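Pasting final_5.cif here (mmCIF, C-alpha atoms):
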data_final
#
loop_
_atom_site.label_atom_id
_atom_site.label_comp_id
_atom_site.auth_asym_id
_atom_site.auth_seq_id
_atom_site.Cartn_x
_atom_site.Cartn_y
_atom_site.Cartn_z
CA MET A 116 -0.15 -2.61 21.21
CA THR A 117 -3.38 -0.73 20.45
CA LYS A 118 -3.64 2.44 18.36
CA SER A 119 -4.49 4.56 21.44
CA SER A 120 -1.55 3.24 23.43
CA GLN A 121 0.65 3.92 20.42
CA ASN A 122 -0.57 7.52 20.33
CA GLU A 123 0.22 7.82 24.03
CA LEU A 124 3.67 6.50 23.27
CA THR A 125 4.12 9.04 20.50
CA ASN A 126 3.26 11.81 22.91
CA LYS A 127 5.28 10.54 25.86
CA HIS A 128 8.46 9.53 24.09
CA GLY A 129 10.48 11.49 21.59
CA VAL A 130 11.25 9.85 18.26
CA SER A 131 14.48 7.93 18.60
CA LEU A 132 16.16 4.85 17.20
CA LYS A 133 18.66 3.01 19.38
CA THR A 134 20.55 -0.23 19.33
CA ARG A 135 22.00 -2.05 22.32
CA ASN A 136 24.83 -4.54 21.93
CA LEU A 137 23.68 -5.46 18.41
CA SER A 138 25.38 -8.41 16.73
CA CYS A 139 24.58 -9.76 13.26
CA SER A 140 26.07 -12.45 11.08
CA ARG A 141 25.58 -13.69 7.52
CA ASN A 142 26.46 -17.21 6.41
CA ASP A 143 28.13 -17.90 9.77
CA VAL A 144 30.41 -14.85 9.42
CA VAL A 145 30.04 -12.27 12.20
CA LEU A 146 29.69 -8.88 10.49
CA ILE A 147 28.53 -6.65 13.33
CA SER A 148 29.37 -7.16 16.98
CA GLY A 149 28.28 -5.12 20.01
CA LEU A 150 27.03 -2.16 17.96
CA GLU A 151 25.46 0.67 19.96
CA PHE A 152 24.08 3.92 18.62
CA SER A 153 21.30 6.34 19.37
CA ILE A 154 19.79 8.89 17.01
CA SER A 155 16.81 11.10 17.50
CA GLU A 156 14.55 13.30 15.40
CA GLY A 157 16.28 15.49 12.85
CA GLN A 158 19.39 13.31 12.70
CA LEU A 159 20.93 11.26 9.91
CA LEU A 160 22.86 8.08 10.65
CA LEU A 161 25.42 7.40 7.94
CA VAL A 162 26.69 3.81 7.93
CA GLU A 163 30.11 3.63 6.30
CA GLY A 164 32.38 0.75 5.50
CA PRO A 165 33.95 -1.23 2.68
CA ASN A 166 32.04 -3.69 0.51
CA GLY A 167 30.98 -6.79 2.47
CA SER A 168 31.35 -5.11 5.85
CA GLY A 169 27.66 -5.63 6.72
CA LYS A 170 26.06 -2.28 5.86
CA THR A 171 23.08 -3.80 4.04
CA THR A 172 22.74 -6.47 6.74
CA LEU A 173 22.58 -3.74 9.38
CA LEU A 174 19.91 -1.82 7.45
CA LYS A 175 17.81 -4.96 6.95
CA THR A 176 18.19 -5.80 10.64
CA ILE A 177 17.02 -2.31 11.58
CA CYS A 178 13.97 -2.85 9.34
CA GLY A 179 13.21 -6.18 10.99
CA LEU A 180 13.85 -8.24 7.85
CA ILE A 181 16.77 -10.02 9.56
CA GLU A 182 16.79 -11.19 13.17
CA PRO A 183 19.92 -10.06 15.02
CA ASP A 184 22.06 -12.72 16.70
CA GLU A 185 22.11 -10.64 19.86
CA GLY A 186 21.07 -7.25 21.11
CA GLU A 187 18.06 -4.99 20.78
CA ILE A 188 16.71 -2.38 18.41
CA MET A 189 14.57 0.24 20.13
CA TRP A 190 12.12 2.61 18.45
CA ARG A 191 10.56 5.26 20.69
CA ASP A 192 12.24 3.42 23.62
CA HIS A 193 10.39 0.17 22.86
CA HIS A 194 11.75 -3.03 21.41
CA ILE A 195 10.68 -3.11 17.74
CA SER A 196 9.43 -6.72 17.99
CA SER A 197 6.90 -5.64 20.63
CA MET A 198 5.37 -3.01 18.32
CA MET A 199 6.20 -4.28 14.84
CA GLU A 200 2.99 -3.12 13.15
CA GLU A 201 3.31 0.42 14.49
CA TYR A 202 7.04 0.45 13.74
CA LEU A 203 6.49 -0.61 10.12
CA ALA A 204 3.81 2.09 9.73
CA GLU A 205 6.52 4.64 10.51
CA LEU A 206 9.19 3.06 8.31
CA ASN A 207 10.00 3.59 4.66
CA TYR A 208 12.74 1.40 3.16
CA VAL A 209 14.45 1.76 -0.19
CA GLY A 210 16.90 -1.07 -0.58
CA HIS A 211 19.61 -2.01 -3.01
CA HIS A 212 16.84 -3.30 -5.30
CA ASN A 213 14.33 -0.67 -6.32
CA GLY A 214 11.22 -2.63 -5.31
CA ILE A 215 9.35 -1.58 -8.45
CA LYS A 216 7.55 -3.77 -10.98
CA LEU A 217 8.99 -3.26 -14.43
CA ALA A 218 5.76 -4.25 -16.21
CA LEU A 219 3.80 -1.56 -14.38
CA THR A 220 3.78 2.14 -15.27
CA VAL A 221 5.27 4.85 -13.07
CA VAL A 222 1.87 5.84 -11.66
CA GLU A 223 0.82 2.20 -11.12
CA ASN A 224 4.04 1.55 -9.18
CA LEU A 225 3.50 4.55 -6.91
CA LYS A 226 -0.13 3.58 -6.31
CA THR A 227 1.00 0.08 -5.27
CA ALA A 228 3.53 1.60 -2.85
CA MET A 229 0.81 3.82 -1.41
CA ALA A 230 -1.54 0.85 -1.04
CA LEU A 231 1.12 -1.10 0.86
CA ALA A 232 1.76 1.77 3.24
CA SER A 233 -0.65 1.96 6.12
CA VAL A 234 -1.41 5.62 6.64
CA ASN A 235 -0.55 9.16 5.72
CA CYS A 236 -0.28 8.79 1.97
CA THR A 237 -0.92 11.69 -0.33
CA ASP A 238 -3.79 11.42 -2.79
CA LYS A 239 -2.06 13.80 -5.20
CA LEU A 240 0.72 12.22 -7.19
CA ASP A 241 1.39 15.08 -9.61
CA PRO A 242 3.53 17.18 -7.22
CA VAL A 243 5.61 14.07 -6.37
CA LEU A 244 6.09 13.16 -10.03
CA ASP A 245 7.04 16.76 -10.77
CA LEU A 246 9.57 16.88 -7.92
CA PHE A 247 11.31 13.72 -9.12
CA GLY A 248 11.25 14.70 -12.80
CA LEU A 249 8.92 11.82 -13.63
CA ASP A 250 5.91 13.83 -14.83
CA ALA A 251 6.74 13.14 -18.48
CA TYR A 252 6.84 9.37 -17.79
CA LYS A 253 3.54 8.96 -15.87
CA GLU A 254 2.13 6.29 -18.15
CA THR A 255 5.50 4.85 -19.21
CA SER A 256 6.26 1.27 -18.28
CA ALA A 257 9.10 1.12 -15.73
CA GLN A 258 11.05 -1.27 -17.97
CA LEU A 259 11.44 1.56 -20.51
CA LEU A 260 13.02 3.89 -17.93
CA SER A 261 16.78 4.33 -17.55
CA SER A 262 18.35 2.98 -14.33
CA GLY A 263 18.56 6.55 -12.98
CA LEU A 264 14.85 7.15 -13.57
CA ARG A 265 14.02 3.78 -11.99
CA ARG A 266 15.98 4.85 -8.91
CA ARG A 267 14.07 8.14 -8.85
CA LEU A 268 10.82 6.18 -9.02
CA ALA A 269 11.93 4.01 -6.08
CA LEU A 270 12.88 7.10 -4.07
CA ALA A 271 9.61 8.84 -4.98
CA ARG A 272 7.97 6.39 -2.53
CA LEU A 273 9.55 8.47 0.24
CA ALA A 274 7.52 11.49 -0.78
CA THR A 275 4.20 9.68 -1.22
CA CYS A 276 3.86 8.38 2.35
CA ALA A 277 4.85 10.31 5.44
CA ALA A 278 6.96 7.75 7.34
CA ARG A 279 9.08 9.02 10.24
CA LEU A 280 12.05 6.70 9.70
CA TRP A 281 13.71 6.31 6.30
CA VAL A 282 16.14 3.43 5.83
CA LEU A 283 18.04 3.82 2.57
CA ASP A 284 20.65 1.57 1.00
CA GLU A 285 22.89 3.56 -1.35
CA PRO A 286 20.11 5.97 -2.38
CA PHE A 287 22.33 7.94 -4.77
CA THR A 288 23.22 4.97 -6.99
CA SER A 289 22.58 5.75 -10.69
CA LEU A 290 21.34 9.28 -9.94
CA ASP A 291 22.61 12.27 -11.91
CA THR A 292 23.64 15.58 -10.31
CA GLU A 293 20.11 17.00 -10.48
CA GLY A 294 18.65 13.82 -8.97
CA ARG A 295 21.13 13.95 -6.08
CA TYR A 296 20.25 17.60 -5.49
CA VAL A 297 16.52 16.77 -5.35
CA ILE A 298 17.08 13.85 -2.97
CA LYS A 299 19.32 15.87 -0.66
CA GLY A 300 16.62 18.56 -0.54
CA LEU A 301 14.08 15.90 0.36
CA PHE A 302 16.38 14.61 3.14
CA GLN A 303 16.75 18.12 4.51
CA ASP A 304 12.97 18.66 4.56
CA HIS A 305 12.42 15.28 6.21
CA MET A 306 14.90 16.00 9.00
CA ASN A 307 13.62 19.54 9.50
CA SER A 308 10.17 18.06 10.07
CA GLY A 309 11.52 15.72 12.77
CA GLY A 310 12.27 12.64 10.70
CA ILE A 311 15.19 10.24 11.02
CA ILE A 312 17.29 8.81 8.19
CA VAL A 313 19.53 5.76 8.37
CA MET A 314 21.50 5.26 5.18
CA THR A 315 24.59 3.86 3.57
CA SER A 316 26.47 5.77 0.91
CA HIS A 317 29.88 5.73 -0.66
CA ASP A 318 29.32 9.36 -1.67
CA ASP A 319 30.23 12.27 0.51
CA ILE A 320 27.12 13.57 2.27
CA ASP A 321 27.37 17.30 2.65
CA MET A 322 24.19 18.99 3.83
CA ASP A 323 24.33 22.33 5.62
CA GLY A 324 22.90 22.39 9.10
CA THR A 325 22.26 18.65 9.17
CA SER A 326 23.20 16.58 12.19
CA ILE A 327 25.02 13.55 10.79
CA VAL A 328 26.05 10.65 13.02
CA ARG A 329 28.60 8.37 11.38
CA ILE A 330 29.36 4.76 12.21
CA HIS A 331 32.08 2.80 10.49
CA LEU A 332 31.76 -0.97 10.14
CA MET B 217 -4.79 15.66 1.87
CA GLN B 218 -3.98 12.25 3.32
CA LYS B 219 -5.75 8.93 3.36
CA THR B 220 -5.69 5.59 5.17
CA ASN B 221 -5.93 2.21 3.48
CA SER B 222 -8.07 -0.61 4.83
CA SER B 223 -6.74 -4.16 4.63
CA LEU B 224 -9.35 -5.17 2.06
CA GLN B 225 -8.47 -2.18 -0.12
CA VAL B 226 -4.84 -3.27 -0.02
CA TYR B 227 -5.80 -6.86 -0.88
CA SER B 228 -7.89 -5.80 -3.88
CA SER B 229 -5.27 -3.28 -5.02
CA LEU B 230 -2.49 -5.92 -4.91
CA LEU B 231 -4.69 -8.54 -6.58
CA GLN B 232 -5.46 -6.08 -9.37
CA ASP B 233 -1.73 -5.35 -9.82
CA TYR B 234 -0.81 -9.02 -9.97
CA LEU B 235 -3.55 -9.74 -12.50
CA LEU B 236 -2.34 -6.81 -14.59
CA LEU B 237 1.25 -8.09 -14.37
CA GLY B 238 0.11 -11.56 -15.39
CA LEU B 239 -1.82 -10.26 -18.37
CA ARG B 240 1.15 -8.12 -19.47
CA ASN B 241 3.56 -11.08 -19.22
CA ARG B 242 1.45 -13.27 -21.49
CA SER B 243 4.19 -15.81 -22.22
CA ASP B 244 4.42 -16.74 -18.52
CA LEU B 245 0.67 -17.25 -18.63
CA ALA B 246 0.54 -19.21 -21.88
CA ASN B 247 3.53 -21.55 -21.42
CA PRO B 248 2.02 -23.89 -18.77
CA MET B 249 -1.24 -24.05 -20.76
CA LEU B 250 0.62 -24.93 -23.97
CA PHE B 251 2.61 -27.53 -22.04
CA TYR B 252 -0.65 -29.06 -20.79
CA ILE B 253 -2.15 -29.16 -24.28
CA ILE B 254 1.01 -30.74 -25.76
CA VAL B 255 1.10 -33.46 -23.06
CA ILE B 256 -2.59 -34.26 -23.55
CA THR B 257 -2.16 -34.39 -27.34
CA MET B 258 0.75 -36.85 -27.04
CA PHE B 259 -1.35 -39.62 -25.52
CA PRO B 260 -3.76 -40.18 -28.46
CA LEU B 261 -0.69 -40.13 -30.72
CA ALA B 262 1.23 -42.63 -28.56
CA ILE B 263 -1.62 -45.00 -27.64
CA GLY B 264 -3.49 -44.72 -30.94
CA PRO B 265 -7.10 -43.84 -31.58
CA HIS B 266 -8.46 -46.58 -29.30
CA SER B 267 -11.31 -44.78 -27.61
CA GLU B 268 -11.77 -47.35 -24.82
CA THR B 269 -8.13 -47.29 -23.67
CA LEU B 270 -7.96 -43.51 -23.85
CA GLN B 271 -11.27 -43.18 -22.01
CA GLN B 272 -10.07 -45.49 -19.26
CA LEU B 273 -6.84 -43.53 -18.83
CA ALA B 274 -8.38 -40.07 -19.33
CA PRO B 275 -8.77 -39.06 -15.63
CA SER B 276 -5.16 -40.04 -14.84
CA ILE B 277 -3.76 -38.37 -17.96
CA ILE B 278 -5.68 -35.14 -17.34
CA TRP B 279 -4.68 -34.88 -13.70
CA VAL B 280 -1.02 -35.84 -14.19
CA ALA B 281 -0.74 -33.27 -17.02
CA ALA B 282 -2.39 -30.65 -14.80
CA LEU B 283 0.05 -31.36 -11.96
CA LEU B 284 3.05 -31.10 -14.29
CA ALA B 285 1.76 -27.86 -15.83
CA SER B 286 1.21 -26.50 -12.32
CA SER B 287 4.81 -27.33 -11.37
CA LEU B 288 5.94 -25.19 -14.30
CA SER B 289 3.75 -22.25 -13.36
CA VAL B 290 4.54 -22.04 -9.62
CA ASP B 291 8.18 -21.29 -10.40
CA GLY B 292 7.25 -17.69 -11.16
CA ILE B 293 5.02 -16.95 -8.15
CA PHE B 294 7.63 -15.14 -6.07
CA ARG B 295 10.72 -15.14 -8.31
CA SER B 296 10.30 -11.68 -9.82
CA ASP B 297 9.07 -10.22 -6.52
CA TYR B 298 12.22 -11.53 -4.84
CA GLU B 299 14.55 -10.33 -7.58
CA ASP B 300 13.15 -6.80 -7.93
CA GLY B 301 12.84 -6.15 -4.18
CA SER B 302 9.05 -5.85 -4.12
CA LEU B 303 8.80 -8.83 -1.76
CA GLU B 304 10.80 -6.83 0.81
CA GLN B 305 8.30 -4.00 0.41
CA ILE B 306 5.43 -6.45 1.04
CA MET B 307 7.11 -7.84 4.14
CA LEU B 308 7.71 -4.30 5.42
CA SER B 309 4.10 -3.27 4.94
CA PRO B 310 2.23 -2.75 8.21
CA HIS B 311 -0.78 -4.59 6.77
CA SER B 312 -1.47 -8.26 7.48
CA LYS B 313 1.11 -10.35 5.64
CA LEU B 314 -1.45 -13.15 5.41
CA LEU B 315 -3.71 -10.91 3.37
CA LEU B 316 -0.92 -9.61 1.12
CA ILE B 317 0.45 -13.08 0.42
CA SER B 318 -3.10 -14.38 -0.15
CA ALA B 319 -3.50 -11.75 -2.88
CA ARG B 320 -0.44 -13.21 -4.64
CA ILE B 321 -1.74 -16.79 -4.35
CA SER B 322 -5.27 -15.79 -5.45
CA ALA B 323 -3.81 -14.06 -8.51
CA HIS B 324 -1.88 -17.22 -9.37
CA TRP B 325 -5.06 -19.31 -9.19
CA LEU B 326 -7.03 -16.80 -11.29
CA LEU B 327 -4.26 -16.70 -13.91
CA PHE B 328 -3.41 -20.40 -13.91
CA GLY B 329 -6.09 -22.54 -12.21
CA ALA B 330 -9.20 -20.93 -13.67
CA PRO B 331 -7.98 -20.95 -17.33
CA LEU B 332 -6.70 -24.51 -16.83
CA ILE B 333 -10.23 -25.69 -15.97
CA LEU B 334 -11.50 -24.29 -19.29
CA ILE B 335 -8.64 -25.86 -21.25
CA VAL B 336 -9.17 -29.22 -19.51
CA LEU B 337 -12.83 -29.15 -20.52
CA MET B 338 -11.94 -28.49 -24.14
CA SER B 339 -9.10 -31.00 -24.29
CA SER B 340 -10.96 -33.83 -22.54
CA MET B 341 -12.75 -34.56 -25.82
CA LEU B 342 -9.40 -35.74 -27.22
CA LEU B 343 -9.43 -38.49 -24.60
CA TYR B 344 -13.10 -39.46 -25.15
CA LEU B 345 -14.05 -38.53 -21.58
CA PRO B 346 -17.81 -39.22 -21.26
CA ALA B 347 -20.10 -36.27 -20.61
CA ASP B 348 -21.33 -37.88 -17.33
CA ALA B 349 -17.86 -37.64 -15.83
CA MET B 350 -17.32 -34.06 -17.00
CA ILE B 351 -19.15 -32.43 -14.08
CA THR B 352 -17.17 -34.49 -11.56
CA LEU B 353 -13.95 -33.59 -13.37
CA VAL B 354 -14.83 -29.88 -13.11
CA ILE B 355 -15.62 -30.23 -9.39
CA THR B 356 -12.30 -32.01 -8.74
CA LEU B 357 -10.50 -29.23 -10.64
CA LEU B 358 -12.38 -26.50 -8.75
CA LEU B 359 -11.36 -28.12 -5.45
CA GLY B 360 -7.90 -29.19 -6.59
CA THR B 361 -6.42 -26.30 -8.56
CA PRO B 362 -6.45 -23.88 -5.57
CA VAL B 363 -4.48 -26.55 -3.67
CA LEU B 364 -1.94 -26.59 -6.51
CA SER B 365 -1.49 -22.80 -6.13
CA LEU B 366 -1.35 -22.94 -2.32
CA VAL B 367 1.09 -25.85 -2.00
CA GLY B 368 3.10 -24.62 -5.00
CA SER B 369 3.51 -21.22 -3.39
CA ILE B 370 5.16 -22.82 -0.33
CA ALA B 371 7.75 -24.50 -2.55
CA ALA B 372 8.17 -21.30 -4.61
CA ALA B 373 8.81 -19.27 -1.44
CA LEU B 374 11.27 -21.84 -0.07
CA THR B 375 13.33 -22.02 -3.25
CA MET B 376 13.26 -18.43 -4.55
CA GLY B 377 16.70 -17.10 -5.30
CA LEU B 378 18.28 -20.56 -5.31
CA ARG B 379 20.04 -22.10 -8.28
CA SER B 380 18.00 -24.89 -9.92
CA SER B 381 14.93 -23.65 -8.05
CA GLY B 382 12.62 -25.04 -10.77
CA MET B 383 13.81 -28.62 -10.28
CA LEU B 384 13.72 -28.27 -6.48
CA GLN B 385 10.14 -27.04 -6.66
CA VAL B 386 9.08 -30.03 -8.74
CA LEU B 387 10.76 -32.40 -6.26
CA LEU B 388 9.09 -30.64 -3.32
CA THR B 389 5.60 -30.26 -4.74
CA LEU B 390 4.89 -33.46 -6.67
CA PRO B 391 4.96 -35.76 -3.60
CA LEU B 392 2.64 -33.32 -1.81
CA TYR B 393 0.22 -33.40 -4.74
CA MET B 394 -0.20 -37.20 -4.53
CA PRO B 395 -3.29 -37.27 -2.24
CA LEU B 396 -4.91 -34.77 -4.60
CA LEU B 397 -4.10 -36.97 -7.60
CA ILE B 398 -5.38 -40.13 -5.92
CA PHE B 399 -8.75 -38.70 -4.81
CA SER B 400 -9.36 -36.68 -7.99
CA VAL B 401 -8.68 -39.57 -10.33
CA ALA B 402 -10.74 -41.94 -8.15
CA ALA B 403 -13.67 -39.49 -8.22
CA VAL B 404 -13.68 -39.17 -12.01
CA ASP B 405 -13.24 -42.96 -12.38
CA ASN B 406 -16.23 -43.56 -10.10
CA ALA B 407 -18.29 -41.04 -12.05
CA MET B 408 -17.47 -42.89 -15.28
CA LYS B 409 -18.65 -46.15 -13.66
CA GLY B 410 -21.81 -44.53 -12.27
CA LEU B 411 -20.68 -44.93 -8.65
CA SER B 412 -20.91 -42.37 -5.82
CA VAL B 413 -18.18 -39.74 -5.81
CA LEU B 414 -19.09 -38.00 -2.54
CA GLY B 415 -16.40 -39.68 -0.43
CA GLU B 416 -13.59 -38.56 -2.75
CA LEU B 417 -15.02 -35.04 -3.05
CA TYR B 418 -15.21 -34.73 0.75
CA PHE B 419 -11.55 -35.70 0.96
CA LEU B 420 -10.66 -33.13 -1.72
CA GLY B 421 -12.67 -30.50 0.18
CA ALA B 422 -10.79 -31.35 3.38
CA ILE B 423 -7.44 -31.08 1.57
CA LEU B 424 -8.47 -27.65 0.25
CA VAL B 425 -9.49 -26.44 3.73
CA ILE B 426 -6.18 -27.66 5.21
CA ALA B 427 -4.20 -25.98 2.42
CA LEU B 428 -6.20 -22.73 2.72
CA THR B 429 -5.65 -22.50 6.46
CA LEU B 430 -2.02 -23.61 6.70
CA ALA B 431 -0.30 -22.73 3.41
CA PRO B 432 -0.30 -18.90 3.81
CA PHE B 433 1.45 -19.26 7.22
CA ALA B 434 4.01 -21.64 5.71
CA VAL B 435 4.59 -19.24 2.80
CA ILE B 436 5.23 -16.28 5.13
CA SER B 437 7.66 -18.32 7.25
CA SER B 438 9.46 -19.49 4.10
CA ILE B 439 9.74 -15.92 2.79
CA ARG B 440 11.15 -14.76 6.15
CA ILE B 441 13.74 -17.54 6.00
CA ARG B 442 14.76 -16.66 2.43
CA LEU B 443 14.87 -12.89 2.99
CA GLY B 444 16.78 -13.30 6.24
#
The structure given in the file should be rewritten as structure tokens.
Amino acid sequence: MTKSSQNELTNKHGVSLKTRNLSCSRNDVVLISGLEFSISEGQLLLVEGPNGSGKTTLLKTICGLIEPDEGEIMWRDHHISSMMEEYLAELNYVGHHNGIKLALTVVENLKTAMALASVNCTDKLDPVLDLFGLDAYKETSAQLLSSGLRRRLALARLATCAARLWVLDEPFTSLDTEGRYVIKGLFQDHMNSGGIIVMTSHDDIDMDGTSIVRIHL
Amino acid sequence: MQKTNSSLQVYSSLLQDYLLLGLRNRSDLANPMLFYIIVITMFPLAIGPHSETLQQLAPSIIWVAALLASSLSVDGIFRSDYEDGSLEQIMLSPHSKLLLISARISAHWLLFGAPLILIVLMSSMLLYLPADAMITLVITLLLGTPVLSLVGSIAAALTMGLRSSGMLQVLLTLPLYMPLLIFSVAAVDNAMKGLSVLGELYFLGAILVIALTLAPFAVISSIRIRLG
């Protein structure tokens, strides 16, 4: 799909993420069977379920890291495999692992994340570092940060590049009260600007005026 | 203000990061080199200071030690990227995966292959390698060490996250290195005897071209299998 046809798509179709009859398995164990959901701009999909129920598998499948056994994942009403490059340009994923290099500094890690993203990255890191309380650790190696600060650094990627779809695996892990407050504010801003969030969390998500769709695995 | 990254910018940015990471983790960098030096030093001690025997065996000893040192170094190509989640970020980048993975492999060659060539040159005196054969040895290393990084990265990608991945990598890579060993040693042997080395060098060049064109695809497929 060319850039111009993608722009046409963006104009013609609203932003939505849908699955049709999605089935996934890990190590020959069927975790998800016949899953269907549809979310559109400004909505948050909260995937709930006990440990081992397939939440992370579902998130990775939505990202395209795992092939589903059956079914389809649709972004802007198109199968993601038919527009993978464009889909990934609109996706930001923060997984169970932080995806940061411990031997690099905070700023170096964010610059790497910005380099990997395709478009729409800010060239001003200071406001992002300030928002996430990392301004005092700019030149600090990530291995010297606490696990909460490392998580903040991982989540700071969300603010550096303007992706439409955020896929987040337990984003609140290791965060303190202030960190959770900052992240929830970021979620709110993202959804108000027409973004979509798909996330797992064992914490109660309570955000005023937010449209939350829940699925239980 | 927002900006867009070109693929080459991403390649150079990643390459710079990997080189920085390599230089900050100096022990990972130094261990294969020390291993190579120790292996090379053992032969004069074991065989004795018989210059003719050592000279005759020098090409084989140098190349076998280089292959073993390479097997040690490839273990770390993707391990930390897999464990800290940065490999997922690479696979979810909209940029060409071939380019991103090539940055990783290039960094490995610059941090392992290039310094190894210098160390081989310095250590070859221990084995009485004649000066005439030195240029041929350097050419075989220039053609061969990138193949070590390329083939090694396939095994590293296939075994990342597995228990005993180091041993599996050695078992996977060493048989694949055999054509490289045969042609490299034959070239240096011929150079020592004053014979033509072009045939062997052409074969090494062909092996490098095959590895350059096919290995990145194999690495990406292996990573997809392991992440999935």
TODO: Grab the atom CA of Ser318 of chain B to atom CA of Ala372 of chain B distance for me, in Å with one decimal place.
DONE: 14.0 Å
Evaluate the PyMOL selection byres ((chain A and resi 178-184) around 6) against this structure - the residues, as an mmCIF file with C-alpha atoms, in the coordinates of the input, please.
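Final file, selection-v6.cif:
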data_model
loop_
_atom_site.group_PDB
_atom_site.id
_atom_site.type_symbol
_atom_site.label_atom_id
_atom_site.label_comp_id
_atom_site.auth_asym_id
_atom_site.auth_seq_id
_atom_site.Cartn_x
_atom_site.Cartn_y
_atom_site.Cartn_z
ATOM 1 C CA SER A 138 25.380 -8.410 16.730
ATOM 2 C CA CYS A 139 24.580 -9.760 13.260
ATOM 3 C CA LYS A 175 17.810 -4.960 6.950
ATOM 4 C CA THR A 176 18.190 -5.800 10.640
ATOM 5 C CA ILE A 177 17.020 -2.310 11.580
ATOM 6 C CA GLU A 185 22.110 -10.640 19.860
ATOM 7 C CA GLY B 444 16.780 -13.300 6.240
#
Open item on the list: Which polymer residues, whether protein, DNA or RNA, lie within 7 Å of the coordinate (19.2, 0.9, 19.4) when you count all atoms listed in the file? List them as a list in words, using the chain letters and numbers from the file.
Closed with: Leu132, Lys133, Thr134, Arg135, Glu151, Phe152, Ser153, Glu187, Ile188 and Met189 of chain A
TODO: Could you list, as number ranges by chain, the residues of chain B having an atom within 10 Å of chain A when counting all atoms listed in the file?
DONE: B: 217-223, 225-230, 232-234, 236-241, 296-312, 316, 440-444
Next, the residues of the selection above should be written as a compact mmCIF listing (two decimals), in the coordinates of the input with C-alpha atoms.
# COMPACT_ATOMS: atom_id res chain seq x y z
CA MET B 217 -4.79 15.66 1.87
CA GLN B 218 -3.98 12.25 3.32
CA LYS B 219 -5.75 8.93 3.36
CA THR B 220 -5.69 5.59 5.17
CA ASN B 221 -5.93 2.21 3.48
CA SER B 222 -8.07 -0.61 4.83
CA SER B 223 -6.74 -4.16 4.63
CA GLN B 225 -8.47 -2.18 -0.12
CA VAL B 226 -4.84 -3.27 -0.02
CA TYR B 227 -5.80 -6.86 -0.88
CA SER B 228 -7.89 -5.80 -3.88
CA SER B 229 -5.27 -3.28 -5.02
CA LEU B 230 -2.49 -5.92 -4.91
CA GLN B 232 -5.46 -6.08 -9.37
CA ASP B 233 -1.73 -5.35 -9.82
CA TYR B 234 -0.81 -9.02 -9.97
CA LEU B 236 -2.34 -6.81 -14.59
CA LEU B 237 1.25 -8.09 -14.37
CA GLY B 238 0.11 -11.56 -15.39
CA LEU B 239 -1.82 -10.26 -18.37
CA ARG B 240 1.15 -8.12 -19.47
CA ASN B 241 3.56 -11.08 -19.22
CA SER B 296 10.30 -11.68 -9.82
CA ASP B 297 9.07 -10.22 -6.52
CA TYR B 298 12.22 -11.53 -4.84
CA GLU B 299 14.55 -10.33 -7.58
CA ASP B 300 13.15 -6.80 -7.93
CA GLY B 301 12.84 -6.15 -4.18
CA SER B 302 9.05 -5.85 -4.12
CA LEU B 303 8.80 -8.83 -1.76
CA GLU B 304 10.80 -6.83 0.81
CA GLN B 305 8.30 -4.00 0.41
CA ILE B 306 5.43 -6.45 1.04
CA MET B 307 7.11 -7.84 4.14
CA LEU B 308 7.71 -4.30 5.42
CA SER B 309 4.10 -3.27 4.94
CA PRO B 310 2.23 -2.75 8.21
CA HIS B 311 -0.78 -4.59 6.77
CA SER B 312 -1.47 -8.26 7.48
CA LEU B 316 -0.92 -9.61 1.12
CA ARG B 440 11.15 -14.76 6.15
CA ILE B 441 13.74 -17.54 6.00
CA ARG B 442 14.76 -16.66 2.43
CA LEU B 443 14.87 -12.89 2.99
CA GLY B 444 16.78 -13.30 6.24
- [ ] Give as a ChimeraX atom specification the residues that the PyMOL selection byres ((chain B and resi 380-396) around 8) matches when applied to the coordinates above.
- [x] /B:283,287-288,291,360,364,367-368,371-372,375-379,397-400,420,423
Since the input lacks atoms, please generate N, CA and C atoms for segment 288-294 of chain A and provide them as a short mmCIF file (atom, residue, chain, number, x, y, z; two decimals), in the coordinates of the input.
data_model
loop_
_atom_site.label_atom_id
_atom_site.label_comp_id
_atom_site.auth_asym_id
_atom_site.auth_seq_id
_atom_site.Cartn_x
_atom_site.Cartn_y
_atom_site.Cartn_z
N THR A 288 22.77 5.82 -5.88
CA THR A 288 23.22 4.97 -6.99
C THR A 288 22.43 5.30 -8.26
N SER A 289 23.15 5.49 -9.35
CA SER A 289 22.58 5.75 -10.69
C SER A 289 21.99 7.15 -10.86
N LEU A 290 21.96 7.96 -9.81
CA LEU A 290 21.34 9.28 -9.94
C LEU A 290 22.31 10.29 -10.54
N ASP A 291 21.77 11.19 -11.36
CA ASP A 291 22.61 12.27 -11.91
C ASP A 291 22.69 13.41 -10.89
N THR A 292 23.41 14.46 -11.25
CA THR A 292 23.64 15.58 -10.31
C THR A 292 22.32 16.19 -9.86
N GLU A 293 21.40 16.38 -10.82
CA GLU A 293 20.11 17.00 -10.48
C GLU A 293 19.32 16.10 -9.53
N GLY A 294 19.36 14.78 -9.82
CA GLY A 294 18.65 13.82 -8.97
C GLY A 294 19.18 13.85 -7.55
#
